[in-house]
$ cat structure-v9.cif   # mmCIF, C-alpha atoms and all ligand atoms
data_query
loop_
_atom_site.group_PDB
_atom_site.id
_atom_site.type_symbol
_atom_site.label_atom_id
_atom_site.label_comp_id
_atom_site.auth_asym_id
_atom_site.auth_seq_id
_atom_site.Cartn_x
_atom_site.Cartn_y
_atom_site.Cartn_z
ATOM 1 C CA MET A 1350 -123.605 10.881 125.987
ATOM 2 C CA LYS A 1351 -123.612 12.716 122.683
ATOM 3 C CA GLN A 1352 -126.907 13.764 121.059
ATOM 4 C CA GLU A 1353 -127.124 12.928 117.380
ATOM 5 C CA THR A 1354 -129.930 13.237 114.854
ATOM 6 C CA ASP A 1355 -130.793 10.245 112.661
ATOM 7 C CA LEU A 1356 -132.017 10.484 109.061
ATOM 8 C CA SER A 1357 -135.653 10.945 110.174
ATOM 9 C CA GLY A 1358 -134.646 13.869 112.365
ATOM 10 C CA ILE A 1359 -135.296 11.933 115.585
ATOM 11 C CA LYS A 1360 -132.794 12.635 118.350
ATOM 12 C CA THR A 1361 -130.793 9.529 119.224
ATOM 13 C CA THR A 1362 -128.118 9.060 121.824
ATOM 14 C CA ALA A 1363 -124.778 7.747 120.595
ATOM 15 C CA PRO A 1364 -122.479 6.295 123.232
ATOM 16 C CA ALA A 1365 -119.425 8.519 123.668
ATOM 17 C CA ASN A 1366 -116.126 6.941 122.624
ATOM 18 C CA PRO A 1367 -113.690 7.770 125.448
ATOM 19 C CA ASN A 1368 -110.696 6.855 123.265
ATOM 20 C CA LYS A 1369 -111.746 9.445 120.649
ATOM 21 C CA ALA A 1370 -112.710 12.006 123.286
ATOM 22 C CA LEU A 1371 -109.284 11.683 124.943
ATOM 23 C CA TRP A 1372 -107.390 12.589 121.759
ATOM 24 C CA GLU A 1373 -109.800 15.278 120.587
ATOM 25 C CA LYS A 1374 -109.715 16.891 124.008
ATOM 26 C CA GLY A 1375 -106.503 18.817 123.533
ATOM 27 C CA ASP A 1376 -104.459 19.658 120.498
ATOM 28 C CA PHE A 1377 -101.796 17.062 119.868
ATOM 29 C CA THR A 1378 -100.344 19.193 117.039
ATOM 30 C CA ARG A 1379 -98.685 21.255 119.806
ATOM 31 C CA ILE A 1380 -96.741 18.204 121.008
ATOM 32 C CA ALA A 1381 -96.202 16.827 117.499
ATOM 33 C CA ALA A 1382 -94.350 20.029 116.609
ATOM 34 C CA SER A 1383 -91.548 18.824 118.909
ATOM 35 C CA MET A 1384 -91.381 15.426 117.188
ATOM 36 C CA ARG A 1385 -90.742 16.322 113.536
ATOM 37 C CA GLU A 1386 -86.973 15.656 113.296
ATOM 38 C CA SER A 1387 -87.196 12.163 114.780
ATOM 39 C CA GLY A 1388 -90.303 11.403 112.716
ATOM 40 C CA GLU A 1389 -88.397 12.280 109.546
ATOM 41 C CA ALA A 1390 -85.343 10.248 110.609
ATOM 42 C CA LEU A 1391 -87.516 7.226 111.385
ATOM 43 C CA VAL A 1392 -89.216 7.404 107.984
ATOM 44 C CA ARG A 1393 -85.837 7.671 106.198
ATOM 45 C CA GLY A 1394 -85.011 4.225 107.653
ATOM 46 C CA LEU A 1395 -88.143 2.535 106.295
ATOM 47 C CA GLY A 1396 -86.930 1.920 102.744
ATOM 48 C CA ILE A 1397 -89.736 3.907 101.162
ATOM 49 C CA LYS A 1398 -89.796 3.974 97.354
ATOM 50 C CA PRO A 1399 -92.044 6.075 95.091
ATOM 51 C CA GLY A 1400 -95.475 4.509 94.699
ATOM 52 C CA LEU A 1401 -95.297 2.391 97.878
ATOM 53 C CA LYS A 1402 -98.761 2.224 99.439
ATOM 54 C CA VAL A 1403 -98.450 3.313 103.053
ATOM 55 C CA LEU A 1404 -101.030 3.406 105.825
ATOM 56 C CA ASP A 1405 -100.027 5.603 108.773
ATOM 57 C CA LEU A 1406 -102.267 4.505 111.608
ATOM 58 C CA GLY A 1407 -102.868 6.799 114.551
ATOM 59 C CA CYS A 1408 -101.070 9.320 112.378
ATOM 60 C CA GLY A 1409 -101.846 12.486 114.346
ATOM 61 C CA ASP A 1410 -101.181 15.487 112.113
ATOM 62 C CA GLY A 1411 -98.706 13.580 109.960
ATOM 63 C CA THR A 1412 -95.326 13.567 111.693
ATOM 64 C CA THR A 1413 -94.478 10.370 109.777
ATOM 65 C CA ALA A 1414 -97.131 10.525 107.019
ATOM 66 C CA LEU A 1415 -95.787 13.726 105.432
ATOM 67 C CA PRO A 1416 -92.124 12.616 105.252
ATOM 68 C CA ALA A 1417 -93.261 9.277 103.749
ATOM 69 C CA ALA A 1418 -95.223 11.167 101.083
ATOM 70 C CA MET A 1419 -92.211 13.403 100.426
ATOM 71 C CA LEU A 1420 -90.277 10.241 99.561
ATOM 72 C CA GLY A 1421 -92.951 9.472 96.956
ATOM 73 C CA ALA A 1422 -95.189 7.003 98.811
ATOM 74 C CA GLU A 1423 -98.976 7.020 98.364
ATOM 75 C CA VAL A 1424 -99.940 7.726 101.963
ATOM 76 C CA LEU A 1425 -103.225 7.387 103.788
ATOM 77 C CA GLY A 1426 -103.204 8.687 107.356
ATOM 78 C CA VAL A 1427 -105.940 7.309 109.618
ATOM 79 C CA ASP A 1428 -106.666 8.706 113.029
ATOM 80 C CA ILE A 1429 -109.569 8.612 115.456
ATOM 81 C CA ALA A 1430 -109.364 12.343 116.247
ATOM 82 C CA SER A 1431 -111.196 14.548 113.724
ATOM 83 C CA ASN A 1432 -109.188 17.650 114.688
ATOM 84 C CA LEU A 1433 -105.916 15.844 113.911
ATOM 85 C CA VAL A 1434 -107.256 14.500 110.597
ATOM 86 C CA ALA A 1435 -108.148 18.076 109.631
ATOM 87 C CA ALA A 1436 -104.702 19.313 110.716
ATOM 88 C CA GLY A 1437 -103.001 16.551 108.704
ATOM 89 C CA ASN A 1438 -104.966 17.353 105.554
ATOM 90 C CA ARG A 1439 -104.116 21.029 106.030
ATOM 91 C CA ARG A 1440 -100.390 20.311 106.406
ATOM 92 C CA ALA A 1441 -100.383 18.018 103.343
ATOM 93 C CA ARG A 1442 -102.164 20.681 101.288
ATOM 94 C CA GLU A 1443 -99.748 23.389 102.434
ATOM 95 C CA ALA A 1444 -96.815 21.147 101.514
ATOM 96 C CA GLY A 1445 -98.338 20.516 98.069
ATOM 97 C CA LEU A 1446 -98.535 16.757 98.694
ATOM 98 C CA ALA A 1447 -101.375 15.374 96.550
ATOM 99 C CA ASN A 1448 -100.171 11.833 97.460
ATOM 100 C CA CYS A 1449 -100.957 12.252 101.173
ATOM 101 C CA ARG A 1450 -104.464 12.282 102.584
ATOM 102 C CA PHE A 1451 -105.970 11.795 106.003
ATOM 103 C CA GLN A 1452 -109.276 10.304 107.117
ATOM 104 C CA GLU A 1453 -110.984 9.428 110.343
ATOM 105 C CA GLY A 1454 -110.910 5.799 111.410
ATOM 106 C CA ASP A 1455 -110.480 3.464 114.339
ATOM 107 C CA ALA A 1456 -107.460 1.158 114.572
ATOM 108 C CA THR A 1457 -109.615 -1.376 116.386
ATOM 109 C CA HIS A 1458 -111.320 -2.498 113.166
ATOM 110 C CA LEU A 1459 -110.224 -0.206 110.270
ATOM 111 C CA LEU A 1460 -113.730 -0.336 108.789
ATOM 112 C CA GLY A 1461 -113.812 0.679 105.151
ATOM 113 C CA LEU A 1462 -110.175 -0.275 104.453
ATOM 114 C CA ALA A 1463 -109.855 -3.234 102.090
ATOM 115 C CA ASP A 1464 -107.933 -6.410 102.934
ATOM 116 C CA LYS A 1465 -104.315 -6.611 101.672
ATOM 117 C CA SER A 1466 -104.331 -3.039 100.391
ATOM 118 C CA PHE A 1467 -101.067 -1.591 101.839
ATOM 119 C CA ASP A 1468 -97.395 -2.419 101.300
ATOM 120 C CA LEU A 1469 -96.452 -0.828 104.597
ATOM 121 C CA VAL A 1470 -98.495 -0.096 107.706
ATOM 122 C CA VAL A 1471 -96.757 2.335 110.062
ATOM 123 C CA SER A 1472 -98.015 3.170 113.514
ATOM 124 C CA ILE A 1473 -95.764 5.344 115.633
ATOM 125 C CA PHE A 1474 -97.141 5.760 119.158
ATOM 126 C CA GLY A 1475 -100.575 5.505 117.496
ATOM 127 C CA ALA A 1476 -102.296 2.100 117.411
ATOM 128 C CA MET A 1477 -100.847 1.396 120.869
ATOM 129 C CA PHE A 1478 -103.472 3.811 122.241
ATOM 130 C CA ALA A 1479 -106.481 1.991 120.727
ATOM 131 C CA PRO A 1480 -108.495 -0.316 122.971
ATOM 132 C CA LYS A 1481 -108.759 -4.077 122.195
ATOM 133 C CA PRO A 1482 -105.107 -4.653 121.199
ATOM 134 C CA GLN A 1483 -105.751 -8.125 119.804
ATOM 135 C CA GLU A 1484 -108.313 -6.673 117.391
ATOM 136 C CA VAL A 1485 -105.856 -3.907 116.465
ATOM 137 C CA ALA A 1486 -103.169 -6.479 115.546
ATOM 138 C CA LYS A 1487 -105.699 -8.389 113.412
ATOM 139 C CA ALA A 1488 -106.827 -5.222 111.656
ATOM 140 C CA MET A 1489 -103.239 -4.174 110.847
ATOM 141 C CA VAL A 1490 -102.432 -7.643 109.464
ATOM 142 C CA ARG A 1491 -105.687 -7.749 107.487
ATOM 143 C CA VAL A 1492 -105.000 -4.542 105.537
ATOM 144 C CA THR A 1493 -101.327 -5.398 104.797
ATOM 145 C CA ARG A 1494 -100.640 -7.296 101.576
ATOM 146 C CA PRO A 1495 -98.767 -10.619 101.835
ATOM 147 C CA GLY A 1496 -95.076 -9.715 101.558
ATOM 148 C CA GLY A 1497 -95.779 -6.295 103.057
ATOM 149 C CA ARG A 1498 -94.613 -4.939 106.409
ATOM 150 C CA ILE A 1499 -95.933 -3.466 109.631
ATOM 151 C CA VAL A 1500 -93.737 -1.104 111.665
ATOM 152 C CA MET A 1501 -94.834 0.062 115.097
ATOM 153 C CA GLY A 1502 -93.245 2.440 117.585
ATOM 154 C CA ASN A 1503 -94.410 1.726 121.135
ATOM 155 C CA TRP A 1504 -93.458 3.264 124.469
ATOM 156 C CA ILE A 1505 -92.030 0.787 126.974
ATOM 157 C CA PRO A 1506 -93.513 0.283 130.438
ATOM 158 C CA GLY A 1507 -91.057 0.934 133.251
ATOM 159 C CA ASP A 1508 -88.608 2.636 130.905
ATOM 160 C CA PRO A 1509 -86.910 5.556 132.665
ATOM 161 C CA THR A 1510 -87.201 7.972 129.710
ATOM 162 C CA LEU A 1511 -89.722 10.727 129.049
ATOM 163 C CA VAL A 1512 -93.010 9.411 127.707
ATOM 164 C CA ALA A 1513 -93.129 6.177 129.714
ATOM 165 C CA GLN A 1514 -92.549 8.333 132.796
ATOM 166 C CA ILE A 1515 -95.188 10.941 131.837
ATOM 167 C CA LEU A 1516 -97.731 8.139 131.386
ATOM 168 C CA ARG A 1517 -96.662 6.466 134.651
ATOM 169 C CA ILE A 1518 -96.905 9.709 136.624
ATOM 170 C CA SER A 1519 -100.209 10.695 134.961
ATOM 171 C CA SER A 1520 -101.823 7.312 135.600
ATOM 172 C CA ALA A 1521 -101.087 7.644 139.326
ATOM 173 C CA TYR A 1522 -103.481 10.626 139.351
ATOM 174 C CA THR A 1523 -106.141 9.025 137.117
ATOM 175 C CA PRO A 1524 -106.786 5.419 138.109
ATOM 176 C CA PRO A 1525 -107.757 3.493 134.940
ATOM 177 C CA PRO A 1526 -111.317 2.185 134.570
ATOM 178 C CA GLU A 1527 -111.944 -1.489 135.304
ATOM 179 C CA GLY A 1528 -110.947 -3.827 132.465
ATOM 180 C CA PHE A 1529 -108.668 -1.193 130.899
ATOM 181 C CA VAL A 1530 -105.724 -2.706 128.997
ATOM 182 C CA SER A 1531 -102.769 -0.339 129.312
ATOM 183 C CA PRO A 1532 -101.399 0.980 125.992
ATOM 184 C CA MET A 1533 -97.959 0.313 127.464
ATOM 185 C CA THR A 1534 -98.494 -3.454 127.062
ATOM 186 C CA TRP A 1535 -97.578 -2.818 123.379
ATOM 187 C CA GLY A 1536 -94.073 -2.093 124.671
ATOM 188 C CA VAL A 1537 -93.683 -5.636 126.046
ATOM 189 C CA GLU A 1538 -92.199 -8.041 123.488
ATOM 190 C CA SER A 1539 -94.045 -11.144 124.749
ATOM 191 C CA GLN A 1540 -97.396 -9.310 124.479
ATOM 192 C CA VAL A 1541 -96.623 -8.064 120.981
ATOM 193 C CA ILE A 1542 -95.688 -11.610 119.923
ATOM 194 C CA GLU A 1543 -98.925 -12.991 121.393
ATOM 195 C CA ARG A 1544 -100.984 -10.374 119.525
ATOM 196 C CA PHE A 1545 -99.358 -10.829 116.122
ATOM 197 C CA THR A 1546 -99.114 -14.625 116.292
ATOM 198 C CA GLY A 1547 -102.803 -14.525 117.291
ATOM 199 C CA ALA A 1548 -103.355 -12.622 114.045
ATOM 200 C CA GLY A 1549 -101.679 -15.390 112.018
ATOM 201 C CA ILE A 1550 -98.057 -14.135 111.850
ATOM 202 C CA ALA A 1551 -95.205 -16.611 112.458
ATOM 203 C CA ARG A 1552 -92.957 -15.777 115.429
ATOM 204 C CA GLU A 1553 -89.852 -15.552 113.185
ATOM 205 C CA GLN A 1554 -91.489 -12.741 111.237
ATOM 206 C CA ILE A 1555 -91.615 -10.439 114.269
ATOM 207 C CA HIS A 1556 -88.510 -8.374 115.085
ATOM 208 C CA PHE A 1557 -87.715 -5.860 117.796
ATOM 209 C CA SER A 1558 -85.207 -3.125 118.462
ATOM 210 C CA ARG A 1559 -84.888 -0.302 120.958
ATOM 211 C CA GLU A 1560 -84.674 3.089 119.306
ATOM 212 C CA THR A 1561 -84.607 6.730 120.356
ATOM 213 C CA PHE A 1562 -87.081 9.486 119.570
ATOM 214 C CA THR A 1563 -86.034 13.004 120.546
ATOM 215 C CA PHE A 1564 -88.466 15.758 121.520
ATOM 216 C CA ASN A 1565 -87.168 19.235 120.607
ATOM 217 C CA PHE A 1566 -88.992 22.242 122.018
ATOM 218 C CA SER A 1567 -88.084 25.917 121.714
ATOM 219 C CA GLY A 1568 -88.563 26.855 125.354
ATOM 220 C CA ALA A 1569 -87.479 25.809 128.826
ATOM 221 C CA PRO A 1570 -88.524 22.393 130.227
ATOM 222 C CA ALA A 1571 -91.237 23.984 132.451
ATOM 223 C CA ALA A 1572 -92.795 25.594 129.372
ATOM 224 C CA PHE A 1573 -92.771 22.193 127.662
ATOM 225 C CA VAL A 1574 -94.614 20.740 130.690
ATOM 226 C CA ASP A 1575 -97.236 23.452 130.152
ATOM 227 C CA GLU A 1576 -97.724 22.271 126.574
ATOM 228 C CA PHE A 1577 -98.506 18.783 127.883
ATOM 229 C CA ARG A 1578 -100.735 20.184 130.632
ATOM 230 C CA ASN A 1579 -102.742 22.290 128.164
ATOM 231 C CA TYR A 1580 -102.752 20.173 125.005
ATOM 232 C CA TYR A 1581 -101.903 16.465 125.583
ATOM 233 C CA GLY A 1582 -105.096 14.496 126.368
ATOM 234 C CA PRO A 1583 -103.646 11.986 128.877
ATOM 235 C CA THR A 1584 -101.868 14.759 130.833
ATOM 236 C CA MET A 1585 -104.934 17.020 130.657
ATOM 237 C CA ASN A 1586 -107.028 14.227 132.190
ATOM 238 C CA ALA A 1587 -104.422 13.699 134.896
ATOM 239 C CA PHE A 1588 -104.505 17.426 135.755
ATOM 240 C CA ASP A 1589 -108.339 17.405 135.787
ATOM 241 C CA ALA A 1590 -108.244 14.566 138.324
ATOM 242 C CA ALA A 1591 -105.378 16.134 140.301
ATOM 243 C CA GLU A 1592 -107.257 19.447 140.529
ATOM 244 C CA LYS A 1593 -110.289 17.650 141.964
ATOM 245 C CA SER A 1594 -108.136 16.047 144.644
ATOM 246 C CA GLY A 1595 -106.138 19.240 145.292
ATOM 247 C CA ARG A 1596 -102.913 17.687 143.962
ATOM 248 C CA ALA A 1597 -102.363 19.678 140.753
ATOM 249 C CA ASN A 1598 -99.231 21.325 142.164
ATOM 250 C CA ASP A 1599 -97.777 17.907 143.041
ATOM 251 C CA LEU A 1600 -98.350 16.720 139.504
ATOM 252 C CA GLN A 1601 -96.856 19.908 138.038
ATOM 253 C CA ASN A 1602 -93.763 19.536 140.252
ATOM 254 C CA GLU A 1603 -93.309 15.857 139.415
ATOM 255 C CA LEU A 1604 -93.475 16.603 135.688
ATOM 256 C CA GLU A 1605 -91.151 19.618 135.914
ATOM 257 C CA MET A 1606 -88.583 17.505 137.771
ATOM 258 C CA LEU A 1607 -88.877 14.813 135.125
ATOM 259 C CA PHE A 1608 -88.562 17.181 132.145
ATOM 260 C CA THR A 1609 -85.712 19.177 133.689
ATOM 261 C CA GLY A 1610 -83.831 16.029 134.694
ATOM 262 C CA GLN A 1611 -84.073 14.560 131.179
ATOM 263 C CA ASN A 1612 -83.309 17.733 129.236
ATOM 264 C CA LYS A 1613 -80.077 17.443 127.242
ATOM 265 C CA SER A 1614 -80.086 20.951 125.773
ATOM 266 C CA GLN A 1615 -77.308 23.280 126.942
ATOM 267 C CA ARG A 1616 -79.418 26.347 126.129
ATOM 268 C CA LYS A 1617 -81.742 27.952 128.692
ATOM 269 C CA ASP A 1618 -84.469 28.608 126.143
ATOM 270 C CA ALA A 1619 -84.561 25.141 124.568
ATOM 271 C CA THR A 1620 -85.477 21.609 125.574
ATOM 272 C CA SER A 1621 -84.231 18.434 123.947
ATOM 273 C CA ILE A 1622 -85.292 15.138 125.477
ATOM 274 C CA PRO A 1623 -84.469 11.715 124.023
ATOM 275 C CA ALA A 1624 -86.945 8.926 124.750
ATOM 276 C CA THR A 1625 -86.507 5.199 124.208
ATOM 277 C CA TYR A 1626 -89.158 3.196 122.387
ATOM 278 C CA LEU A 1627 -89.673 -0.348 121.156
ATOM 279 C CA GLN A 1628 -89.658 -0.601 117.380
ATOM 280 C CA VAL A 1629 -91.652 -3.597 116.159
ATOM 281 C CA ARG A 1630 -91.187 -4.845 112.599
ATOM 282 C CA VAL A 1631 -93.523 -7.489 111.265
ATOM 283 C CA GLN A 1632 -93.127 -9.228 107.909
ATOM 284 C CA VAL A 1633 -96.573 -10.253 106.660
HETATM 285 C C1 LIG B 1701 -99.258 10.056 120.720
HETATM 286 S S1 LIG B 1701 -100.226 10.453 119.319
HETATM 287 C C2 LIG B 1701 -99.112 10.020 117.991
HETATM 288 C C3 LIG B 1701 -99.465 10.651 116.684
HETATM 289 C C4 LIG B 1701 -98.478 10.436 115.526
HETATM 290 N N1 LIG B 1701 -98.328 9.059 115.179
HETATM 291 C C5 LIG B 1701 -97.147 11.044 115.852
HETATM 292 O O1 LIG B 1701 -96.168 10.307 116.000
HETATM 293 O O2 LIG B 1701 -97.078 12.283 115.957
HETATM 294 C C6 LIG B 1701 -101.412 9.131 119.333
HETATM 295 C C7 LIG B 1701 -102.344 9.184 118.161
HETATM 296 O O3 LIG B 1701 -103.122 7.986 118.098
HETATM 297 C C8 LIG B 1701 -104.450 8.330 117.768
HETATM 298 N N2 LIG B 1701 -105.357 7.269 118.204
HETATM 299 C C9 LIG B 1701 -105.664 6.928 119.482
HETATM 300 N N3 LIG B 1701 -106.549 5.913 119.481
HETATM 301 C C10 LIG B 1701 -106.800 5.589 118.170
HETATM 302 C C11 LIG B 1701 -107.641 4.642 117.526
HETATM 303 N N4 LIG B 1701 -108.418 3.807 118.219
HETATM 304 N N5 LIG B 1701 -107.637 4.593 116.180
HETATM 305 C C12 LIG B 1701 -106.884 5.471 115.451
HETATM 306 N N6 LIG B 1701 -106.100 6.400 116.008
HETATM 307 C C13 LIG B 1701 -106.042 6.457 117.347
HETATM 308 C C14 LIG B 1701 -104.654 9.647 118.494
HETATM 309 O O4 LIG B 1701 -105.743 10.379 118.019
HETATM 310 C C15 LIG B 1701 -103.317 10.342 118.263
HETATM 311 O O5 LIG B 1701 -103.297 11.074 117.072
#
$ encode --input "structure-v9.cif" --output "structure tokens"
Amino acid sequence: MKQETDLSGIKTTAPANPNKALWEKGDFTRIAASMRESGEALVRGLGIKPGLKVLDLGCGDGTTALPAAMLGAEVLGVDIASNLVAAGNRRAREAGLANCRFQEGDATHLLGLADKSFDLVVSIFGAMFAPKPQEVAKAMVRVTRPGGRIVMGNWIPGDPTLVAQILRISSAYTPPPEGFVSPMTWGVESQVIERFTGAGIAREQIHFSRETFTFNFSGAPAAFVDEFRNYYGPTMNAFDAAEKSGRANDLQNELEMLFTGQNKSQRKDATSIPATYLQVRVQV
């Protein structure tokens, strides 16, 4: 429980938000640095024109928000993690992008964002991590203007490629709390359809494709595992649990085998790992 002080100076106890705590725990910018090329390529395929109003939800430090702003869009990045919002604003400032700003917010309700206010809502491996997926779908539809679009990138459960496997391996060391809805359910087409039709979208307006996102890291696969171990919230939690049960070495070995097996780089000092994801495109 987090101690907070209300306006009268009385100490109150705010319930901790585990979703926020998970993503503020590490430093996702360290992982995001390996995702820039694919983020830029993805954004180039979104048909962005100058002046388009874009919401990047679960934006991290702006892997897709900054390239969208570079194409002239008016971009708002929203993320639950205050450290990533600060990093995004810093990167936008350094790039001289006055049309790209970041603020804290929760995909579950998007409080403070007006109805029908964006032409395009993008959420790449972002909103999938928010709890209450049905509410998330409703919130995304609510803030998109009629005729606008929603584009999501979601990891696919059971997929043999990198991130689905990291999350599968990690979850074996950290059993989810009761009632937990796995983020990976956003990678199942029938579930996505149920969520968006439940938010008022016709089935024919929901389209899917399988796409590839490549992680490029300037170091060997084992060093890339260390980045996840030290900076990626879900993997950090898995290592915390594995250490308690004396299985940290098992987890390290499993991840090293995975990363090494999937590495496509021919160089010893570089890692390049393609990962498959489900791209969801919704016409509002
Ligand atoms: C895997 S990262 C992806 C970040 C970014 N989209 C990218 O591609 O680099 C997941 C992001 O979702 C954010 N996130 C998780 N739960 C959220 C929520 N309920 N509302 C808003 N953002 C959330 C995390 O803070 C994190 O930045």
$ resolve_selection --input "structure-v9.cif" --expression "the PyMOL selection byres (((chain A and resi 1389) around 12) and not hetatm)" --output "ChimeraX atom specification"
/A:1383-1388,1390-1395,1397,1411-1420,1473,1562-1563
$ closest_residue --input "structure-v9.cif" --among "A:Met1585, A:Ile1429, A:Val1424, A:Ile1622" --to "Gly1375 (chain A)" --atoms "only C-alpha atoms"
A:Met1585
$ resolve_selection --input "structure-v9.cif" --expression "the PyMOL selection byres (((not hetatm)) within 7 of (chain B and resi 1701))" --output "PyMOL selection string"
chain A and resi 1368-1369+1372-1373+1377+1381+1384+1388+1406-1413+1427-1430+1433+1454-1457+1472-1476+1478-1480
$ closest_residue --input "structure-v9.cif" --among "A:Pro1524, A:Pro1509, A:Gly1568, A:Gly1396" --to "Gly1610 (chain A)" --atoms "only C-alpha atoms"
A:Pro1509
$ closest_residue --input "structure-v9.cif" --among "A:Ala1441, A:Ala1365, A:Ile1499, A:Ala1569" --to "Val1471 (chain A)" --atoms "only C-alpha atoms"
A:Ile1499
$ closest_residue --input "structure-v9.cif" --among "A:Tyr1522, A:Phe1608, A:Gly1496, A:Val1633" --to "Gly1595 (chain A)" --atoms "only C-alpha atoms"
A:Tyr1522
$ residues_near_point --input "structure-v9.cif" --point "(-87.3, 0.7, 131.2)" --cutoff "12 Å" --atoms "all atoms listed in the file" --output "tab-separated table (two decimals) with C-alpha atoms, in the coordinates of the input"
chain	number	residue	atom	x	y	z
A	1504	TRP	CA	-93.46	3.26	124.47
A	1505	ILE	CA	-92.03	0.79	126.97
A	1506	PRO	CA	-93.51	0.28	130.44
A	1507	GLY	CA	-91.06	0.93	133.25
A	1508	ASP	CA	-88.61	2.64	130.90
A	1509	PRO	CA	-86.91	5.56	132.66
A	1510	THR	CA	-87.20	7.97	129.71
A	1511	LEU	CA	-89.72	10.73	129.05
A	1512	VAL	CA	-93.01	9.41	127.71
A	1513	ALA	CA	-93.13	6.18	129.71
A	1514	GLN	CA	-92.55	8.33	132.80
A	1517	ARG	CA	-96.66	6.47	134.65
A	1533	MET	CA	-97.96	0.31	127.46
A	1536	GLY	CA	-94.07	-2.09	124.67
A	1537	VAL	CA	-93.68	-5.64	126.05
A	1559	ARG	CA	-84.89	-0.30	120.96
A	1624	ALA	CA	-86.94	8.93	124.75
A	1625	THR	CA	-86.51	5.20	124.21
A	1626	TYR	CA	-89.16	3.20	122.39
A	1627	LEU	CA	-89.67	-0.35	121.16
